[in-house]
>>> print(open('run-v9.json').read())   # JSON, C-alpha atoms
[["chain", "number", "residue", "atom", "x", "y", "z"],
["M", 1, "MET", "CA", -32.80, 54.17, -69.90],
["M", 2, "GLY", "CA", -34.61, 56.80, -71.94],
["M", 3, "TYR", "CA", -37.91, 56.88, -73.74],
["M", 4, "ASN", "CA", -38.23, 55.84, -77.35],
["M", 5, "ILE", "CA", -39.90, 58.49, -79.48],
["M", 6, "LEU", "CA", -41.45, 58.22, -82.95],
["M", 7, "ILE", "CA", -41.72, 61.35, -85.11],
["M", 8, "VAL", "CA", -44.23, 61.07, -87.96],
["M", 9, "ASP", "CA", -44.23, 63.97, -90.44],
["M", 10, "ASP", "CA", -44.02, 64.12, -94.21],
["M", 11, "SER", "CA", -41.54, 66.99, -93.94],
["M", 12, "ALA", "CA", -37.99, 65.79, -93.33],
["M", 13, "THR", "CA", -37.17, 69.33, -92.26],
["M", 14, "THR", "CA", -39.78, 69.26, -89.52],
["M", 15, "ARG", "CA", -38.66, 65.82, -88.39],
["M", 16, "ALA", "CA", -35.11, 67.15, -88.10],
["M", 17, "MET", "CA", -36.33, 70.21, -86.24],
["M", 18, "ILE", "CA", -38.30, 68.13, -83.73],
["M", 19, "LYS", "CA", -35.43, 65.69, -83.31],
["M", 20, "ARG", "CA", -33.00, 68.53, -82.62],
["M", 21, "THR", "CA", -35.45, 70.08, -80.15],
["M", 22, "ILE", "CA", -35.80, 66.79, -78.29],
["M", 23, "GLN", "CA", -32.05, 66.36, -78.10],
["M", 24, "LEU", "CA", -31.60, 69.88, -76.72],
["M", 25, "ALA", "CA", -34.51, 69.73, -74.30],
["M", 26, "ARG", "CA", -33.05, 67.50, -71.60],
["M", 27, "ILE", "CA", -35.58, 64.81, -72.32],
["M", 28, "GLU", "CA", -34.16, 61.39, -71.52],
["M", 29, "THR", "CA", -34.49, 59.61, -74.82],
["M", 30, "GLY", "CA", -33.57, 56.21, -76.03],
["M", 31, "LYS", "CA", -34.12, 55.75, -79.73],
["M", 32, "ILE", "CA", -35.72, 58.39, -81.92],
["M", 33, "TYR", "CA", -37.53, 56.86, -84.90],
["M", 34, "GLU", "CA", -38.79, 58.74, -87.94],
["M", 35, "ALA", "CA", -41.57, 58.06, -90.44],
["M", 36, "GLY", "CA", -42.87, 60.03, -93.41],
["M", 37, "ASP", "CA", -46.57, 59.25, -93.00],
["M", 38, "GLY", "CA", -49.01, 57.34, -90.82],
["M", 39, "ARG", "CA", -48.62, 54.07, -92.66],
["M", 40, "ALA", "CA", -44.85, 54.15, -92.24],
["M", 41, "GLY", "CA", -45.39, 55.14, -88.61],
["M", 42, "LEU", "CA", -47.52, 52.06, -87.99],
["M", 43, "GLU", "CA", -44.77, 49.91, -89.50],
["M", 44, "VAL", "CA", -42.27, 51.38, -87.05],
["M", 45, "LEU", "CA", -44.68, 50.74, -84.20],
["M", 46, "ALA", "CA", -45.20, 47.15, -85.29],
["M", 47, "SER", "CA", -41.56, 46.26, -84.85],
["M", 48, "ASN", "CA", -40.27, 48.64, -82.19],
["M", 49, "ALA", "CA", -41.15, 49.62, -78.63],
["M", 50, "VAL", "CA", -42.20, 53.28, -78.72],
["M", 51, "ASP", "CA", -43.14, 55.32, -75.65],
["M", 52, "VAL", "CA", -44.55, 58.44, -77.30],
["M", 53, "VAL", "CA", -45.52, 59.42, -80.83],
["M", 54, "LEU", "CA", -45.32, 62.94, -82.29],
["M", 55, "ALA", "CA", -47.48, 63.07, -85.41],
["M", 56, "ASP", "CA", -48.53, 65.55, -88.05],
["M", 57, "LEU", "CA", -52.17, 65.46, -89.11],
["M", 58, "ASN", "CA", -52.05, 66.38, -92.78],
["M", 59, "MET", "CA", -49.88, 63.85, -94.61],
["M", 60, "PRO", "CA", -50.10, 61.90, -97.87],
["M", 61, "GLU", "CA", -51.03, 58.21, -97.74],
["M", 62, "MET", "CA", -52.20, 58.23, -94.13],
["M", 63, "GLY", "CA", -52.66, 61.19, -91.81],
["M", 64, "GLY", "CA", -52.03, 61.37, -88.11],
["M", 65, "MET", "CA", -55.63, 60.82, -87.03],
["M", 66, "GLU", "CA", -56.12, 57.61, -88.98],
["M", 67, "MET", "CA", -52.81, 56.38, -87.62],
["M", 68, "THR", "CA", -53.98, 57.18, -84.09],
["M", 69, "HIS", "CA", -57.30, 55.39, -84.65],
["M", 70, "ARG", "CA", -55.43, 52.28, -85.80],
["M", 71, "MET", "CA", -53.05, 52.53, -82.86],
["M", 72, "ARG", "CA", -56.00, 52.59, -80.47],
["M", 73, "GLN", "CA", -57.39, 49.43, -82.04],
["M", 74, "ALA", "CA", -54.18, 47.45, -81.52],
["M", 75, "GLU", "CA", -53.36, 45.97, -78.13],
["M", 76, "ALA", "CA", -49.65, 46.82, -78.33],
["M", 77, "THR", "CA", -50.16, 50.52, -79.14],
["M", 78, "ARG", "CA", -53.51, 51.24, -77.48],
["M", 79, "ASN", "CA", -51.95, 53.25, -74.67],
["M", 80, "VAL", "CA", -49.01, 54.86, -76.44],
["M", 81, "PRO", "CA", -49.44, 58.63, -76.09],
["M", 82, "VAL", "CA", -49.79, 60.64, -79.30],
["M", 83, "VAL", "CA", -48.95, 64.34, -79.49],
["M", 84, "VAL", "CA", -50.10, 66.11, -82.65],
["M", 85, "VAL", "CA", -47.64, 68.59, -84.19],
["M", 86, "SER", "CA", -49.53, 70.35, -86.94],
["M", 87, "ALA", "CA", -50.21, 73.57, -88.84],
["M", 88, "GLU", "CA", -53.92, 72.88, -88.29],
["M", 89, "PRO", "CA", -55.39, 76.34, -87.70],
["M", 90, "ASN", "CA", -58.57, 75.33, -85.92],
["M", 91, "VAL", "CA", -57.98, 75.00, -82.19],
["M", 92, "GLU", "CA", -61.49, 73.67, -81.67],
["M", 93, "ARG", "CA", -60.66, 70.75, -83.96],
["M", 94, "LEU", "CA", -57.43, 70.13, -82.09],
["M", 95, "GLU", "CA", -59.26, 70.15, -78.77],
["M", 96, "ALA", "CA", -61.80, 67.73, -80.22],
["M", 97, "LEU", "CA", -59.00, 65.39, -81.22],
["M", 98, "LYS", "CA", -58.21, 64.90, -77.55],
["M", 99, "ARG", "CA", -61.48, 63.01, -77.31],
["M", 100, "ASP", "CA", -60.29, 60.82, -80.17],
["M", 101, "GLY", "CA", -57.19, 59.63, -78.41],
["M", 102, "ILE", "CA", -54.48, 62.25, -78.67],
["M", 103, "GLN", "CA", -52.80, 63.43, -75.49],
["M", 104, "GLY", "CA", -51.90, 66.93, -76.64],
["M", 105, "TYR", "CA", -50.97, 69.12, -79.54],
["M", 106, "VAL", "CA", -48.35, 71.63, -80.66],
["M", 107, "ARG", "CA", -49.17, 74.08, -83.40],
["M", 108, "LYS", "CA", -46.68, 74.87, -86.14],
["M", 109, "PRO", "CA", -44.65, 77.01, -86.20],
["M", 110, "PHE", "CA", -43.56, 75.65, -82.85],
["M", 111, "THR", "CA", -41.00, 76.80, -80.36],
["M", 112, "PRO", "CA", -38.58, 74.35, -78.72],
["M", 113, "GLU", "CA", -40.34, 75.05, -75.43],
["M", 114, "GLY", "CA", -43.71, 74.14, -76.90],
["M", 115, "VAL", "CA", -42.46, 70.78, -78.11],
["M", 116, "ARG", "CA", -40.58, 70.07, -74.90],
["M", 117, "ASP", "CA", -43.61, 70.87, -72.73],
["M", 118, "ALA", "CA", -45.98, 68.74, -74.81],
["M", 119, "ILE", "CA", -43.62, 65.76, -74.71],
["M", 120, "ALA", "CA", -43.06, 66.21, -71.00],
["M", 121, "LYS", "CA", -46.79, 66.25, -70.38],
["M", 122, "ALA", "CA", -47.31, 63.10, -72.42],
["M", 123, "LEU", "CA", -44.39, 61.34, -70.75],
["M", 124, "ALA", "CA", -45.59, 62.38, -67.30],
["M", 125, "ALA", "CA", -48.57, 60.14, -67.84],
["M", 126, "LEU", "CA", -46.18, 57.22, -68.26],
["M", 127, "GLY", "CA", -44.43, 57.74, -64.94],
["M", 128, "PRO", "CA", -42.14, 60.03, -62.95],
["M", 129, "GLY", "CA", -38.65, 60.99, -64.01],
["M", 130, "ALA", "CA", -39.22, 61.17, -67.71],
["M", 131, "VAL", "CA", -37.91, 64.71, -67.96],
["M", 132, "LYS", "CA", -34.88, 65.97, -66.10],
["M", 133, "ALA", "CA", -35.29, 69.13, -64.08],
["M", 134, "ALA", "CA", -34.34, 72.15, -66.16],
["N", 135, "MET", "CA", -58.06, 87.22, -109.70],
["N", 136, "PRO", "CA", -61.04, 86.48, -107.43],
["N", 137, "GLU", "CA", -61.24, 88.60, -104.30],
["N", 138, "MET", "CA", -60.12, 86.65, -101.25],
["N", 139, "THR", "CA", -61.35, 89.04, -98.59],
["N", 140, "THR", "CA", -64.80, 89.25, -97.02],
["N", 141, "THR", "CA", -67.02, 92.21, -96.37],
["N", 142, "MET", "CA", -65.48, 92.43, -92.90],
["N", 143, "MET", "CA", -61.88, 92.90, -94.03],
["N", 144, "THR", "CA", -60.11, 95.24, -96.43],
["N", 145, "THR", "CA", -57.72, 93.95, -99.04],
["N", 146, "ALA", "CA", -54.85, 95.71, -97.27],
["N", 147, "ALA", "CA", -55.69, 94.03, -93.98],
["N", 148, "PHE", "CA", -55.89, 90.64, -95.67],
["N", 149, "ASP", "CA", -52.54, 91.17, -97.41],
["N", 150, "ALA", "CA", -51.02, 92.17, -94.07],
["N", 151, "ILE", "CA", -52.21, 88.90, -92.56],
["N", 152, "VAL", "CA", -50.57, 86.96, -95.37],
["N", 153, "LEU", "CA", -47.28, 88.77, -94.72],
["N", 154, "GLU", "CA", -47.47, 88.35, -90.94],
["N", 155, "SER", "CA", -48.14, 84.65, -91.35],
["N", 156, "LEU", "CA", -45.21, 84.05, -93.67],
["N", 157, "ALA", "CA", -42.96, 86.11, -91.40],
["N", 158, "GLU", "CA", -44.04, 84.08, -88.40],
["N", 159, "ALA", "CA", -43.34, 80.82, -90.22],
["N", 160, "LEU", "CA", -39.90, 81.82, -91.46],
["N", 161, "GLU", "CA", -38.78, 83.47, -88.24],
["N", 162, "THR", "CA", -39.99, 80.78, -85.88],
["N", 163, "MET", "CA", -38.87, 77.87, -88.04],
["N", 164, "ALA", "CA", -35.53, 79.14, -89.22],
["N", 165, "PHE", "CA", -34.71, 82.62, -87.84],
["N", 166, "VAL", "CA", -35.14, 84.19, -91.28],
["N", 167, "ALA", "CA", -36.47, 87.76, -91.23],
["N", 168, "LEU", "CA", -38.54, 89.46, -93.92],
["N", 169, "MET", "CA", -37.93, 93.00, -95.15],
["N", 170, "PRO", "CA", -39.14, 95.00, -98.15],
["N", 171, "ALA", "CA", -37.06, 94.14, -101.19],
["N", 172, "ALA", "CA", -34.82, 96.94, -102.41],
["N", 173, "GLU", "CA", -35.06, 95.69, -105.99],
["N", 174, "PRO", "CA", -37.67, 93.21, -107.28],
["N", 175, "THR", "CA", -35.06, 91.24, -109.17],
["N", 176, "GLU", "CA", -36.11, 87.83, -110.45],
["N", 177, "PRO", "CA", -34.80, 85.07, -108.20],
["N", 178, "ALA", "CA", -32.22, 82.75, -109.71],
["N", 179, "ASP", "CA", -33.35, 79.12, -109.89],
["N", 180, "GLY", "CA", -36.80, 80.28, -108.87],
["N", 181, "CYS", "CA", -39.72, 78.07, -107.91],
["N", 182, "VAL", "CA", -43.38, 78.46, -107.03],
["N", 183, "VAL", "CA", -44.57, 76.78, -103.86],
["N", 184, "SER", "CA", -48.32, 76.72, -103.36],
["N", 185, "ILE", "CA", -50.92, 75.26, -101.06],
["N", 186, "GLU", "CA", -54.64, 75.25, -101.55],
["N", 187, "PHE", "CA", -57.04, 75.96, -98.71],
["N", 188, "ALA", "CA", -60.73, 76.38, -98.09],
["N", 189, "ARG", "CA", -62.25, 78.73, -95.53],
["N", 190, "PRO", "CA", -64.73, 77.49, -96.87],
["N", 191, "GLU", "CA", -64.27, 79.40, -100.15],
["N", 192, "ARG", "CA", -61.27, 78.02, -101.99],
["N", 193, "GLY", "CA", -57.98, 79.86, -102.29],
["N", 194, "VAL", "CA", -54.30, 79.31, -102.74],
["N", 195, "LEU", "CA", -51.26, 80.70, -100.96],
["N", 196, "GLU", "CA", -48.29, 81.10, -103.30],
["N", 197, "LEU", "CA", -44.66, 81.78, -102.59],
["N", 198, "VAL", "CA", -42.17, 82.51, -105.36],
["N", 199, "ALA", "CA", -38.62, 82.10, -104.12],
["N", 200, "PRO", "CA", -35.15, 80.99, -105.15],
["N", 201, "ARG", "CA", -34.44, 77.41, -104.19],
["N", 202, "ALA", "CA", -31.47, 78.82, -102.31],
["N", 203, "LEU", "CA", -33.92, 80.14, -99.71],
["N", 204, "GLY", "CA", -35.00, 76.57, -99.03],
["N", 205, "THR", "CA", -31.39, 75.57, -98.53],
["N", 206, "LEU", "CA", -30.96, 78.47, -96.09],
["N", 207, "LEU", "CA", -34.09, 77.43, -94.18],
["N", 208, "ALA", "CA", -32.93, 73.84, -93.97],
["N", 209, "ALA", "CA", -29.45, 74.88, -92.89],
["N", 210, "ASN", "CA", -30.82, 77.05, -90.09],
["N", 211, "VAL", "CA", -33.15, 74.31, -88.94],
["N", 212, "LEU", "CA", -30.35, 71.77, -88.94],
["N", 213, "GLY", "CA", -27.89, 74.18, -87.34],
["N", 214, "THR", "CA", -25.49, 73.83, -90.22],
["N", 215, "ASP", "CA", -24.19, 75.80, -93.19],
["N", 216, "PRO", "CA", -26.06, 76.25, -96.51],
["N", 217, "SER", "CA", -23.14, 74.50, -98.21],
["N", 218, "ASP", "CA", -23.87, 71.35, -96.18],
["N", 219, "PRO", "CA", -25.13, 68.68, -98.63],
["N", 220, "GLU", "CA", -27.84, 67.72, -96.15],
["N", 221, "ALA", "CA", -29.18, 71.29, -96.16],
["N", 222, "VAL", "CA", -29.10, 71.34, -99.95],
["N", 223, "ALA", "CA", -30.93, 68.01, -100.11],
["N", 224, "ARG", "CA", -33.68, 69.24, -97.77],
["N", 225, "GLY", "CA", -34.10, 72.71, -99.27],
["N", 226, "ASP", "CA", -37.20, 72.01, -101.35],
["N", 227, "ASP", "CA", -38.84, 70.23, -98.44],
["N", 228, "ALA", "CA", -38.07, 73.20, -96.19],
["N", 229, "LEU", "CA", -39.76, 75.58, -98.63],
["N", 230, "ARG", "CA", -42.86, 73.39, -98.87],
["N", 231, "GLU", "CA", -43.06, 73.13, -95.10],
["N", 232, "ALA", "CA", -42.64, 76.90, -94.69],
["N", 233, "VAL", "CA", -45.62, 77.49, -96.98],
["N", 234, "ASN", "CA", -47.62, 74.81, -95.17],
["N", 235, "VAL", "CA", -46.93, 76.45, -91.82],
["N", 236, "ALA", "CA", -47.60, 79.95, -93.17],
["N", 237, "CYS", "CA", -50.96, 78.81, -94.53],
["N", 238, "GLY", "CA", -51.97, 77.39, -91.17],
["N", 239, "ALA", "CA", -50.90, 80.60, -89.45],
["N", 240, "MET", "CA", -52.85, 82.68, -91.98],
["N", 241, "LEU", "CA", -56.05, 80.69, -91.52],
["N", 242, "ARG", "CA", -55.64, 80.85, -87.76],
["N", 243, "ARG", "CA", -55.33, 84.64, -87.88],
["N", 244, "LEU", "CA", -58.40, 84.91, -90.10],
["N", 245, "LYS", "CA", -60.34, 82.63, -87.82],
["N", 246, "ASP", "CA", -59.31, 84.64, -84.76],
["N", 247, "LEU", "CA", -60.69, 87.72, -86.51],
["N", 248, "GLY", "CA", -63.96, 85.93, -87.13],
["N", 249, "GLU", "CA", -63.50, 85.89, -90.87],
["N", 250, "GLY", "CA", -66.17, 83.36, -91.62],
["N", 251, "LEU", "CA", -64.26, 80.22, -90.71],
["N", 252, "SER", "CA", -66.01, 77.23, -89.31],
["N", 253, "THR", "CA", -64.80, 73.88, -88.08],
["N", 254, "THR", "CA", -66.43, 72.10, -90.98],
["N", 255, "GLY", "CA", -65.45, 74.57, -93.71],
["N", 256, "LEU", "CA", -61.76, 74.77, -92.98],
["N", 257, "HIS", "CA", -59.34, 72.71, -95.01],
["N", 258, "MET", "CA", -55.68, 72.77, -96.04],
["N", 259, "GLY", "CA", -54.21, 70.76, -98.87],
["N", 260, "LEU", "CA", -50.66, 69.56, -99.25],
["N", 261, "PRO", "CA", -47.97, 71.98, -100.48],
["N", 262, "GLU", "CA", -46.79, 71.63, -104.07],
["N", 263, "MET", "CA", -43.71, 72.94, -105.84],
["N", 264, "ARG", "CA", -42.83, 73.68, -109.47],
["N", 265, "PRO", "CA", -40.14, 75.65, -111.30],
["N", 266, "LEU", "CA", -40.82, 79.33, -111.97],
["N", 267, "GLY", "CA", -41.83, 79.66, -115.62],
["N", 268, "GLU", "CA", -40.08, 81.88, -118.14],
["N", 269, "GLY", "CA", -41.48, 85.40, -117.85],
["N", 270, "GLU", "CA", -43.65, 84.41, -114.92],
["N", 271, "TRP", "CA", -41.78, 86.54, -112.40],
["N", 272, "ALA", "CA", -42.58, 89.74, -114.28],
["N", 273, "THR", "CA", -46.26, 88.88, -114.26],
["N", 274, "VAL", "CA", -46.44, 87.69, -110.67],
["N", 275, "SER", "CA", -44.35, 90.45, -109.12],
["N", 276, "MET", "CA", -46.55, 93.13, -110.69],
["N", 277, "SER", "CA", -49.86, 91.51, -109.78],
["N", 278, "ALA", "CA", -52.26, 93.02, -107.28],
["N", 279, "GLY", "CA", -51.98, 91.62, -103.80],
["N", 280, "VAL", "CA", -48.40, 90.45, -104.30],
["N", 281, "ALA", "CA", -45.72, 91.49, -101.84],
["N", 282, "VAL", "CA", -42.11, 91.39, -103.02],
["N", 283, "LEU", "CA", -39.80, 90.92, -100.06],
["N", 284, "ASP", "CA", -36.26, 90.20, -99.02],
["N", 285, "ALA", "CA", -35.71, 87.10, -96.92],
["N", 286, "ASP", "CA", -32.13, 87.27, -95.69],
["N", 287, "GLY", "CA", -30.85, 88.31, -99.11],
["N", 288, "ASN", "CA", -33.32, 86.26, -101.16],
["N", 289, "VAL", "CA", -35.96, 88.12, -103.17],
["N", 290, "ILE", "CA", -39.36, 86.45, -102.82],
["N", 291, "ALA", "CA", -42.97, 87.18, -103.71],
["N", 292, "VAL", "CA", -46.03, 86.03, -101.79],
["N", 293, "ARG", "CA", -49.76, 86.26, -102.28],
["N", 294, "ALA", "CA", -53.01, 84.56, -101.42],
["N", 295, "LYS", "CA", -55.72, 84.54, -104.02],
["N", 296, "GLY", "CA", -59.11, 83.02, -104.53],
["N", 297, "LEU", "CA", -59.79, 80.10, -106.85],
["N", 298, "GLU", "CA", -62.75, 79.82, -109.19]]
>>> encode(input="run-v9.json", output="structure tokens")
Amino acid sequence: MGYNILIVDDSATTRAMIKRTIQLARIETGKIYEAGDGRAGLEVLASNAVDVVLADLNMPEMGGMEMTHRMRQAEATRNVPVVVVSAEPNVERLEALKRDGIQGYVRKPFTPEGVRDAIAKALAALGPGAVKAA
Amino acid sequence: MPEMTTTMMTTAAFDAIVLESLAEALETMAFVALMPAAEPTEPADGCVVSIEFARPERGVLELVAPRALGTLLAANVLGTDPSDPEAVARGDDALREAVNVACGAMLRRLKDLGEGLSTTGLHMGLPEMRPLGEGEWATVSMSAGVAVLDADGNVIAVRAKGLE
């Protein structure tokens, strides 16, 4: 049984790109959910079991950091890993976000390897065997 | 047009960073390469995609492109053909995301060069899109700091400029 992944990004193109990368990256996935902003992401999380979240930072309505803060306040999502996928140019800010509850980040434009490695790292914290050997 | 460079960087160097950033975004996202345009012909069904930023002085990155380029980007991302209705439907989104990514890459390059960026002063807005106005191409393509390029057969123009 694979891991359920939630992709939160206001760009449908980027969501498709990440989804395609995941499907090509030998990551054992179950369901892949999509949401267009943090608020929609929280709604997905409220009604579905999700193992890892990939989230943009800069989105209308609710950005990735506010969504992560709210996830950390809820019992059901407190420990769900969040990987930021963002065009954010400031690496110091991204590093600082790790102290605020994100497990890693991938900067746009990303390579398939970058996304795969970040997901693998986040899933590794959940337990062995999340990623098949390449 | 307000000058967007600082005392540490020439206008040419700044313009080169804008080009490199857009090229990185298009190539990495969608395998679309940039070349100098043979003829600066006005793009059919053109649009202006822009994103405001602060570093901390305010500026805007603008891309003028045919909407067909967005369809091409989306098709390449999806691994399909530009005639695929899904690629057509996502074309505008793909253009906005390309400008968003290019802006982030541009600010990152400027920061790496020490161009006055700080953690607190750095900000990116959300990309916006509008149709290219009548006669606007002639004005934009001849403006200082504008590069007219060919993106896999699509004539585009790009610039970053300061805001008052």
>>> atom_distance(input="run-v9.json", atom1="CA of Val292 in chain N", atom2="CA of Val198 in chain N")
6.3 Å
>>> closest_atom_pairs(input="run-v9.json", of="chain M", to="chain N", cutoff="6 Å", atoms="only C-alpha atoms", output="Markdown table")
| residue | atom | partner | partner_atom | distance |
| --- | --- | --- | --- | --- |
| M:Thr13 | CA | N:Ala228 | CA | 5.6 |
| M:Met17 | CA | N:Val211 | CA | 5.8 |
| M:Ala87 | CA | N:Gly238 | CA | 4.8 |
| M:Glu88 | CA | N:Gly238 | CA | 5.7 |
| M:Pro89 | CA | N:Arg242 | CA | 4.5 |
| M:Lys108 | CA | N:Val235 | CA | 5.9 |
| M:Pro109 | CA | N:Ala159 | CA | 5.7 |
>>> residues_around(input="run-v9.json", residues="Asp100 in chain M", least_positions_apart="4", cutoff="10 Å", atoms="all atoms listed in the file", output="list of chain:residue names")
M:Met65, M:Thr68, M:His69, M:Arg72, M:Leu94, M:Glu95, M:Ala96
>>> write_last_selection(input="run-v9.json", atoms="C-alpha atoms", output="CSV table (one decimal), in the coordinates of the input")
chain,number,residue,atom,x,y,z
M,65,MET,CA,-55.6,60.8,-87.0
M,68,THR,CA,-54.0,57.2,-84.1
M,69,HIS,CA,-57.3,55.4,-84.6
M,72,ARG,CA,-56.0,52.6,-80.5
M,94,LEU,CA,-57.4,70.1,-82.1
M,95,GLU,CA,-59.3,70.2,-78.8
M,96,ALA,CA,-61.8,67.7,-80.2
>>> atom_distance(input="run-v9.json", atom1="CA of Ile102 in chain M", atom2="CA of Glu43 in chain M")
19.1 Å
>>> atom_distance(input="run-v9.json", atom1="CA of Val182 in chain N", atom2="CA of Pro170 in chain N")
19.2 Å
>>> axis_aligned_box(input="run-v9.json", around="range 63-77 of chain M", padding_each_side="6 Å", output="lines of an AutoDock Vina configuration file")
center_x = -53.5
center_y = 53.7
center_z = -85.0
size_x = 19.7
size_y = 27.4
size_z = 25.7
>>> residues_near_point(input="run-v9.json", point="(-41.1, 57.8, -89.4)", cutoff="8 Å", atoms="only C-alpha atoms", output="PyMOL selection string")
chain M and resi 6-9+33-37+40-41+44
>>> write_last_selection(input="run-v9.json", atoms="C-alpha atoms", output="PDB file, in the coordinates of the input")
ATOM      1  CA  LEU M   6     -41.450  58.220 -82.950  1.00  0.00           C
ATOM      2  CA  ILE M   7     -41.720  61.350 -85.110  1.00  0.00           C
ATOM      3  CA  VAL M   8     -44.230  61.070 -87.960  1.00  0.00           C
ATOM      4  CA  ASP M   9     -44.230  63.970 -90.440  1.00  0.00           C
ATOM      5  CA  TYR M  33     -37.530  56.860 -84.900  1.00  0.00           C
ATOM      6  CA  GLU M  34     -38.790  58.740 -87.940  1.00  0.00           C
ATOM      7  CA  ALA M  35     -41.570  58.060 -90.440  1.00  0.00           C
ATOM      8  CA  GLY M  36     -42.870  60.030 -93.410  1.00  0.00           C
ATOM      9  CA  ASP M  37     -46.570  59.250 -93.000  1.00  0.00           C
ATOM     10  CA  ALA M  40     -44.850  54.150 -92.240  1.00  0.00           C
ATOM     11  CA  GLY M  41     -45.390  55.140 -88.610  1.00  0.00           C
ATOM     12  CA  VAL M  44     -42.270  51.380 -87.050  1.00  0.00           C
TER      13      VAL M  44
END
>>> closest_residue(input="run-v9.json", among="N:Leu153, N:Pro261, N:Val183, N:Arg192", to="Pro60 in chain M", atoms="all atoms listed in the file")
N:Pro261
>>> build_atoms(input="run-v9.json", residues="range 195-208 of chain N", atoms="N, CA and C atoms", output="JSON list (two decimals), keeping the file's coordinate frame")
[["chain", "number", "residue", "atom", "x", "y", "z"],
["N", 195, "LEU", "N", -52.38, 79.88, -101.42],
["N", 195, "LEU", "CA", -51.26, 80.70, -100.96],
["N", 195, "LEU", "C", -50.06, 80.32, -101.81],
["N", 196, "GLU", "N", -49.43, 81.34, -102.40],
["N", 196, "GLU", "CA", -48.29, 81.10, -103.30],
["N", 196, "GLU", "C", -47.06, 81.85, -102.83],
["N", 197, "LEU", "N", -45.95, 81.16, -102.87],
["N", 197, "LEU", "CA", -44.66, 81.78, -102.59],
["N", 197, "LEU", "C", -43.75, 81.54, -103.79],
["N", 198, "VAL", "N", -43.19, 82.62, -104.32],
["N", 198, "VAL", "CA", -42.17, 82.51, -105.36],
["N", 198, "VAL", "C", -40.83, 82.82, -104.70],
["N", 199, "ALA", "N", -39.90, 81.93, -104.84],
["N", 199, "ALA", "CA", -38.62, 82.10, -104.12],
["N", 199, "ALA", "C", -37.50, 81.36, -104.85],
["N", 200, "PRO", "N", -36.28, 81.79, -104.63],
["N", 200, "PRO", "CA", -35.15, 80.99, -105.15],
["N", 200, "PRO", "C", -35.02, 79.72, -104.31],
["N", 201, "ARG", "N", -34.60, 78.66, -104.95],
["N", 201, "ARG", "CA", -34.44, 77.41, -104.19],
["N", 201, "ARG", "C", -33.37, 77.56, -103.12],
["N", 202, "ALA", "N", -32.50, 78.57, -103.31],
["N", 202, "ALA", "CA", -31.47, 78.82, -102.31],
["N", 202, "ALA", "C", -32.08, 79.20, -100.95],
["N", 203, "LEU", "N", -33.27, 79.81, -100.98],
["N", 203, "LEU", "CA", -33.92, 80.14, -99.71],
["N", 203, "LEU", "C", -34.26, 78.86, -98.95],
["N", 204, "GLY", "N", -34.71, 77.85, -99.68],
["N", 204, "GLY", "CA", -35.00, 76.57, -99.03],
["N", 204, "GLY", "C", -33.76, 75.97, -98.38],
["N", 205, "THR", "N", -32.65, 76.08, -99.09],
["N", 205, "THR", "CA", -31.39, 75.57, -98.53],
["N", 205, "THR", "C", -31.03, 76.33, -97.25],
["N", 206, "LEU", "N", -31.24, 77.65, -97.28],
["N", 206, "LEU", "CA", -30.96, 78.47, -96.09],
["N", 206, "LEU", "C", -31.87, 78.05, -94.93],
["N", 207, "LEU", "N", -33.16, 77.86, -95.22],
["N", 207, "LEU", "CA", -34.09, 77.43, -94.18],
["N", 207, "LEU", "C", -33.65, 76.10, -93.57],
["N", 208, "ALA", "N", -33.34, 75.16, -94.45],
["N", 208, "ALA", "CA", -32.93, 73.84, -93.97],
["N", 208, "ALA", "C", -31.64, 73.93, -93.15]]
